file model.txt (compact mmCIF, C-alpha atoms)
# COMPACT_ATOMS: atom_id res chain seq x y z
CA MET T 162 176.35 145.22 89.58
CA THR T 163 173.19 143.96 87.89
CA PRO T 164 170.36 142.80 90.20
CA LEU T 165 168.07 140.01 89.11
CA VAL T 166 164.37 140.51 89.77
CA GLY T 167 161.62 138.04 90.55
CA LEU T 168 163.68 135.96 92.97
CA HIS T 169 163.42 135.30 96.71
CA ALA T 170 163.94 138.36 98.90
CA ASP T 171 165.90 136.28 101.42
CA ARG T 172 168.23 134.99 98.67
CA PRO T 173 168.93 138.02 96.45
CA VAL T 174 170.98 137.48 93.32
CA HIS T 175 173.09 139.88 91.27
CA ILE T 176 175.64 139.66 88.46
CA GLU T 177 179.15 141.07 88.67
CA THR T 178 181.58 141.54 85.78
CA ARG T 179 185.14 140.50 86.61
CA GLY T 180 187.43 141.07 83.69
CA ALA T 181 185.98 139.09 80.80
CA GLU T 182 183.83 136.88 83.03
CA LYS T 183 180.35 137.42 84.44
CA VAL T 184 179.75 135.96 87.88
CA VAL T 185 176.42 135.29 89.57
CA VAL T 186 176.46 136.15 93.27
CA LYS T 187 173.71 134.74 95.48
CA ARG T 188 173.37 135.98 99.05
CA PHE T 189 171.78 133.86 101.77
CA VAL T 190 170.33 136.36 104.21
CA ALA T 191 169.43 133.69 106.76
CA GLY T 192 172.76 131.88 106.38
CA GLY T 193 173.57 128.49 104.93
CA ALA T 194 175.79 129.61 102.05
CA GLU T 195 178.58 127.22 103.04
CA ALA T 196 176.29 124.19 102.86
CA VAL T 197 174.94 125.20 99.45
CA PHE T 198 178.43 125.79 98.07
CA THR T 199 179.63 122.43 99.41
CA ARG T 200 176.71 120.60 97.78
CA MET T 201 177.16 122.41 94.47
CA SER T 202 180.88 121.63 94.50
CA ALA T 203 180.19 117.94 95.08
CA LEU T 204 177.69 117.97 92.23
CA TRP T 205 180.17 119.76 89.94
CA SER T 206 182.70 116.98 90.62
CA SER T 207 180.13 114.28 89.84
CA PRO T 208 179.08 112.97 86.40
CA PHE T 209 176.39 115.68 86.44
CA GLY T 210 178.98 118.46 86.48
CA ALA T 211 182.12 119.30 84.53
CA ASP T 212 182.26 116.01 82.61
CA ARG T 213 178.67 116.20 81.37
CA ARG T 214 177.89 117.69 77.97
CA PRO T 215 176.66 120.25 78.61
CA PRO T 216 177.38 120.49 82.35
CA GLY T 217 174.16 120.18 84.29
CA LEU T 218 174.78 123.20 86.52
CA PRO T 219 176.78 126.43 86.66
CA ARG T 220 180.36 126.00 87.83
CA PRO T 221 180.66 127.01 91.50
CA ILE T 222 183.44 129.58 91.80
CA GLY T 223 183.75 130.49 95.45
CA ILE T 224 182.14 131.56 98.68
CA ASN T 225 182.27 134.73 100.73
CA ALA T 226 181.50 133.37 104.17
CA ASP T 227 181.46 136.82 105.80
CA HIS T 228 178.67 137.98 103.51
CA GLN T 229 177.06 134.53 103.13
CA GLU T 230 177.40 134.72 99.35
CA VAL T 231 177.87 131.90 96.86
CA GLU T 232 179.60 132.80 93.59
CA MET T 233 178.98 130.79 90.44
CA GLN T 234 179.42 130.90 86.70
CA PHE T 235 176.94 133.03 84.75
CA LEU T 236 175.11 130.94 82.17
CA PRO T 237 173.58 132.86 79.26
CA GLY T 238 170.02 131.83 78.52
CA ASP T 239 166.48 132.04 79.75
CA PRO T 240 164.24 129.75 81.82
CA ILE T 241 162.12 127.48 79.67
CA GLY T 242 159.00 128.60 81.55
CA SER T 243 157.74 130.89 84.29
CA ARG T 244 154.78 131.06 86.63
CA GLY T 245 151.92 131.97 84.36
CA ASP T 246 153.66 130.77 81.18
CA LEU T 247 154.59 127.19 80.30
CA GLY T 248 156.92 128.54 77.61
CA LEU T 249 159.03 125.82 76.03
CA SER T 250 158.63 123.38 78.92
CA VAL T 251 156.19 121.05 77.16
CA HIS T 252 158.31 121.01 73.99
CA VAL T 253 161.63 119.89 75.48
CA LEU T 254 160.47 117.14 77.84
CA PRO T 255 162.95 114.49 76.58
CA GLU T 256 165.85 116.86 77.31
CA VAL T 257 164.32 117.76 80.68
CA ALA T 258 163.94 114.06 81.50
CA ARG T 259 167.59 113.40 80.66
CA LEU T 260 168.69 116.32 82.84
CA LEU T 261 166.65 115.02 85.79
CA ALA T 262 167.75 111.40 85.31
CA ASP T 263 171.39 112.51 85.25
CA LEU T 264 170.90 114.50 88.47
CA HIS T 265 169.28 111.53 90.21
CA GLY T 266 172.01 109.23 88.93
CA SER T 267 174.87 111.53 89.92
CA GLY T 268 175.72 109.42 92.98
CA VAL T 269 176.05 112.52 95.18
CA GLN T 270 174.83 112.12 98.76
CA VAL T 271 173.80 115.01 101.02
CA ASP T 272 172.76 115.01 104.65
CA ARG T 273 169.28 116.48 104.10
CA ARG T 274 166.61 113.81 103.62
CA ARG T 275 162.96 114.06 102.58
CA SER T 276 161.41 110.64 103.12
CA PRO T 277 157.63 110.34 102.70
CA ALA T 278 157.28 110.74 106.47
CA ALA T 279 159.35 113.94 106.36
CA LEU T 280 157.20 115.28 103.52
CA LEU T 281 154.11 114.58 105.62
CA ARG T 282 155.60 116.51 108.56
CA SER T 283 156.44 119.42 106.27
CA SER T 284 152.89 119.35 104.90
CA ARG T 285 151.48 119.50 108.43
CA ARG T 286 153.56 122.61 109.13
CA LYS T 287 152.14 124.25 106.01
CA VAL T 288 148.60 123.45 107.17
CA ASP T 289 149.36 125.02 110.55
CA GLU T 290 150.60 128.18 108.83
CA LEU T 291 147.53 128.31 106.59
CA GLY T 292 145.35 127.93 109.68
CA ARG T 293 147.04 130.85 111.40
CA THR T 294 146.59 133.12 108.37
CA GLY T 295 143.30 131.67 107.19
CA VAL T 296 140.93 133.63 109.43
CA GLU T 297 140.98 136.83 107.39
CA SER T 298 138.34 135.75 104.89
CA SER T 299 135.92 132.94 104.23
CA GLY T 300 137.95 131.98 101.14
CA ARG T 301 141.11 131.52 103.17
CA ARG T 302 139.25 129.55 105.81
CA VAL T 303 138.08 127.19 103.07
CA VAL T 304 141.69 126.81 101.88
CA ALA T 305 142.90 126.03 105.41
CA ASP T 306 140.14 123.46 105.89
CA LEU T 307 140.86 121.76 102.55
CA ALA T 308 144.59 121.69 103.33
CA GLY T 309 143.82 119.93 106.60
CA GLN T 310 141.77 117.33 104.74
CA VAL T 311 144.65 116.79 102.30
CA VAL T 312 147.11 116.13 105.14
CA ASP T 313 144.70 113.70 106.78
CA ARG T 314 144.46 111.77 103.52
CA LEU T 315 148.23 111.93 102.99
CA ALA T 316 148.71 110.29 106.37
CA GLN T 317 146.51 107.41 105.19
CA SER T 318 148.34 107.09 101.85
CA ILE T 319 151.99 107.38 102.87
CA PRO T 320 154.06 105.06 100.66
CA VAL T 321 156.76 102.67 101.74
CA SER T 322 160.10 104.47 101.94
CA PRO T 323 161.63 104.25 98.46
CA GLU T 324 165.19 104.52 97.23
CA LEU T 325 166.34 108.08 97.90
CA VAL T 326 168.30 109.92 95.21
CA LEU T 327 169.73 113.42 95.00
CA SER T 328 166.61 115.54 94.50
CA HIS T 329 166.57 119.14 93.29
CA GLY T 330 163.67 120.03 95.58
CA ASP T 331 162.28 122.80 93.34
CA PHE T 332 162.31 121.15 89.95
CA SER T 333 160.25 123.41 87.70
CA PRO T 334 160.56 125.08 84.29
CA ARG T 335 161.74 128.34 85.83
CA ASN T 336 164.82 126.56 87.21
CA VAL T 337 165.83 125.03 83.88
CA LEU T 338 167.80 127.33 81.57
CA LEU T 339 167.99 126.98 77.82
CA THR T 340 171.61 127.92 77.12
CA PRO T 341 173.41 127.97 73.76
CA ASP T 342 174.80 124.53 74.63
CA GLY T 343 171.57 122.95 75.90
CA LEU T 344 169.62 122.70 79.15
CA ALA T 345 171.14 123.37 82.56
CA LEU T 346 169.68 123.35 86.05
CA ILE T 347 169.95 126.26 88.48
CA ASP T 348 168.93 127.07 92.07
CA PHE T 349 170.37 124.33 94.29
CA ASP T 350 169.21 125.74 97.63
CA ARG T 351 166.92 122.76 98.31
CA LEU T 352 169.18 119.85 97.33
CA GLN T 353 168.21 116.83 99.40
CA MET T 354 167.78 113.08 99.25
CA ALA T 355 164.24 112.13 98.20
CA ALA T 356 162.29 109.71 96.04
CA PRO T 357 162.70 110.23 92.27
CA GLU T 358 158.94 110.78 92.07
CA ARG T 359 159.19 113.95 94.14
CA ASP T 360 160.88 116.01 91.40
CA ILE T 361 158.73 114.47 88.67
CA SER T 362 155.52 115.18 90.58
CA TYR T 363 156.50 118.73 91.49
CA TRP T 364 157.15 119.46 87.81
CA GLY T 365 153.73 118.01 87.00
CA ALA T 366 151.96 119.95 89.76
CA TRP T 367 153.73 123.15 88.74
CA THR T 368 152.52 122.76 85.15
CA TRP T 369 149.02 121.69 86.32
CA VAL T 370 148.60 124.83 88.44
CA THR T 371 150.10 127.04 85.73
CA MET T 372 147.49 125.74 83.29
CA LEU T 373 144.80 126.41 85.88
CA THR T 374 145.92 129.99 86.53
CA THR T 375 146.12 130.81 82.82
CA GLY T 376 142.62 129.55 82.04
CA ALA T 377 143.70 126.37 80.27
CA GLN T 378 142.30 122.95 81.10
CA PRO T 379 144.75 121.55 83.68
CA SER T 380 146.15 118.11 82.93
CA TRP T 381 148.62 115.62 84.40
CA GLN T 382 149.72 114.57 80.92
CA VAL T 383 152.92 116.59 81.25
CA ALA T 384 153.86 114.70 84.42
CA ASP T 385 153.01 111.38 82.80
CA ASP T 386 155.09 112.23 79.71
CA LEU T 387 158.02 113.33 81.86
CA ALA T 388 157.90 110.11 83.90
CA LEU T 389 157.80 108.02 80.71
CA ALA T 390 160.80 109.85 79.21
CA TYR T 391 162.65 109.72 82.54
CA ASN T 392 162.35 105.95 82.64
CA THR T 393 164.01 105.63 79.25
CA PHE T 394 167.10 107.37 80.65
CA ARG T 395 167.19 105.79 84.11
CA LEU T 396 166.17 102.19 83.58
CA ALA T 397 168.02 101.10 86.70
CA SER T 398 165.45 102.83 88.88
CA ALA T 399 162.13 101.10 89.37
CA ASP T 400 160.86 103.76 91.76
CA ALA T 401 159.43 106.07 89.11
CA GLU T 402 157.42 103.13 87.74
CA GLN T 403 156.30 101.62 91.04
CA SER T 404 155.97 104.70 93.27
CA SER T 405 152.83 106.45 94.50
CA PRO T 406 152.37 109.47 92.24
CA ALA T 407 149.11 110.49 93.93
CA PHE T 408 150.92 111.03 97.24
CA TYR T 409 153.73 113.08 95.73
CA ARG T 410 151.42 115.07 93.44
CA ALA T 411 149.16 115.91 96.37
CA VAL T 412 152.17 117.00 98.47
CA ALA T 413 153.27 119.24 95.59
CA LEU T 414 149.81 120.79 95.15
CA LEU T 415 149.63 121.57 98.87
CA ARG T 416 153.09 123.14 98.74
CA ILE T 417 152.05 125.33 95.81
CA ALA T 418 148.76 126.34 97.41
CA HIS T 419 150.72 127.36 100.49
CA GLY T 420 153.68 129.03 98.81
CA TRP T 421 152.67 130.71 95.56
CA SER T 422 151.77 134.38 96.01
CA ALA T 423 149.34 134.12 93.08
CA LEU T 424 147.35 131.48 94.95
CA GLN T 425 147.58 133.33 98.25
CA ALA T 426 145.90 136.24 96.48
CA ALA T 427 143.28 133.98 94.87
CA PRO T 428 141.92 131.56 97.52
CA GLN T 429 139.38 130.16 95.08
CA THR T 430 142.22 128.98 92.83
CA ALA T 431 144.14 127.52 95.77
CA ALA T 432 140.96 125.68 96.75
CA LEU T 433 140.74 124.13 93.27
CA ALA T 434 144.33 122.88 93.57
CA LEU T 435 143.61 121.34 96.98
CA ARG T 436 140.41 119.70 95.75
CA GLU T 437 142.46 118.16 92.97
CA ALA T 438 144.86 116.82 95.59
CA LEU T 439 141.93 115.21 97.41
CA ARG T 440 140.65 113.75 94.14
CA LEU T 441 144.05 112.19 93.46
CA LEU T 442 144.30 110.73 96.95
CA ASP T 443 140.77 109.35 96.81
CA GLY T 444 141.72 107.45 93.67
CA ALA T 445 145.05 106.21 95.00
call {"tool": "encode", "arguments": {"input": "model.txt", "output": "structure tokens"}}
result
Amino acid sequence: MTPLVGLHADRPVHIETRGAEKVVVKRFVAGGAEAVFTRMSALWSSPFGADRRPPGLPRPIGINADHQEVEMQFLPGDPIGSRGDLGLSVHVLPEVARLLADLHGSGVQVDRRRSPAALLRSSRRKVDELGRTGVESSGRRVVADLAGQVVDRLAQSIPVSPELVLSHGDFSPRNVLLTPDGLALIDFDRLQMAAPERDISYWGAWTWVTMLTTGAQPSWQVADDLALAYNTFRLASADAEQSSPAFYRAVALLRIAHGWSALQAAPQTAALALREALRLLDGA
């Protein structure tokens, strides 16, 4: 058994060798493996799965309900980027855009929904958590205060409910593998129905913060380029062209400021991300 490092402690992953095949086994400590396997199986049966070239996700193999483990095909390859390293992510944007457009156009429906109102509620919960942990230092108190300001502005900028598509929910370079056959998407724990802009904006916010943490000048050009390429593949959707990117980018920046351990350890950097969210919302 080969463990994989750098992943969520509540969803440990390891690789098993069964005959000539390697199998990835993901355990859901808090439960929910059945729902994830069901969603992956539906996606595998859609145009995003087995019939796509290359398939957009690993083939789901089975589920061990007693151990809350999902088994899936092992795909050889490496993520195109990681936190702290943009890697190849800025060089393969057309392929990334096609992968995302195909996911959104898969036609798969799931019962989890993230409308703009739901994203606002989730953002409020994150602010509450930052407030509870933000009393340890002046830097963390500043972060909690800025996060509260962001949520107040989000409430004033909430867009009209758009068309909801199947959204990855954690669409970032570290969840896109470069395999010998092309790009494939992994980590389907957060599959839900959401606006197309949500995945595009999270990718952009992820790259913006990564630039910030590595000392580069952060830019939204990557998000803009991804949206432009996405629209060439999914012309039937007007949402990416007519949506409210400031809202979704600000939601993504707040999520990152709340969730990334690197920003939790560097409140001054988290504060810069939240000030950028306010700047975006002020210009919306």
call {"tool": "closest_residue", "arguments": {"input": "model.txt", "among": "T:Ile417, T:Ala170, T:Leu441, T:Ala434", "to": "Leu307 (chain T)", "atoms": "all atoms listed in the file"}}
result
T:Ala434
call {"tool": "closest_residue", "arguments": {"input": "model.txt", "among": "T:Ala423, T:Val184, T:Leu373, T:Ala191", "to": "Gln229 (chain T)", "atoms": "only C-alpha atoms"}}
result
T:Ala191
call {"tool": "atom_distance", "arguments": {"input": "model.txt", "atom1": "CA of Arg273 (chain T)", "atom2": "CA of Leu387 (chain T)"}}
result
25.1 Å
call {"tool": "closest_residue", "arguments": {"input": "model.txt", "among": "T:Phe408, T:Phe209, T:Trp369, T:Phe235", "to": "Thr430 (chain T)", "atoms": "all atoms listed in the file"}}
result
T:Trp369
call {"tool": "residues_around", "arguments": {"input": "model.txt", "residues": "Ala316 (chain T)", "least_positions_apart": "4", "cutoff": "9 Å", "atoms": "all atoms listed in the file", "output": "VMD selection string"}}
result
chain T and resid 278 281 311 to 312
call {"tool": "closest_atom_pairs", "arguments": {"input": "model.txt", "of": "region 256-296 of chain T", "to": "region 338-360 of chain T", "cutoff": "9 Å", "atoms": "all atoms listed in the file", "output": "Markdown table"}}
result
| residue | atom | partner | partner_atom | distance |
| --- | --- | --- | --- | --- |
| T:Glu256 | CA | T:Leu344 | CA | 7.2 |
| T:Val257 | CA | T:Leu344 | CA | 7.4 |
| T:Leu260 | CA | T:Leu344 | CA | 7.4 |
| T:Leu261 | CA | T:Asp360 | CA | 8.1 |
| T:Ala262 | CA | T:Pro357 | CA | 8.7 |
| T:His265 | CA | T:Pro357 | CA | 7.0 |
| T:Gln270 | CA | T:Met354 | CA | 7.1 |
| T:Val271 | CA | T:Gln353 | CA | 6.1 |
| T:Asp272 | CA | T:Gln353 | CA | 7.2 |
| T:Arg273 | CA | T:Gln353 | CA | 4.8 |
| T:Arg274 | CA | T:Met354 | CA | 4.6 |
| T:Arg275 | CA | T:Ala355 | CA | 5.0 |
| T:Ser276 | CA | T:Ala355 | CA | 5.9 |
| T:Pro277 | CA | T:Ala356 | CA | 8.2 |
call {"tool": "atom_distance", "arguments": {"input": "model.txt", "atom1": "CA of Val383 (chain T)", "atom2": "CA of Tyr363 (chain T)"}}
result
11.1 Å
call {"tool": "closest_residue", "arguments": {"input": "model.txt", "among": "T:Leu439, T:Leu389, T:Val412, T:Ala418", "to": "Glu290 (chain T)", "atoms": "only C-alpha atoms"}}
result
T:Ala418
call {"tool": "closest_residue", "arguments": {"input": "model.txt", "among": "T:His419, T:Lys287, T:Arg188, T:Arg314", "to": "Ala407 (chain T)", "atoms": "only C-alpha atoms"}}
result
T:Arg314
call {"tool": "residues_near_point", "arguments": {"input": "model.txt", "point": "(180.6, 116.7, 88.9)", "cutoff": "10 Å", "atoms": "only C-alpha atoms", "output": "number ranges by chain"}}
result
T: 201-213, 216-218, 220, 264, 267-269
call {"tool": "closest_residue", "arguments": {"input": "model.txt", "among": "T:Ile222, T:Leu424, T:Ile241, T:Leu442", "to": "Arg335 (chain T)", "atoms": "all atoms listed in the file"}}
result
T:Ile241
call {"tool": "atom_distance", "arguments": {"input": "model.txt", "atom1": "CA of Leu327 (chain T)", "atom2": "CA of Pro406 (chain T)"}}
result
18.0 Å
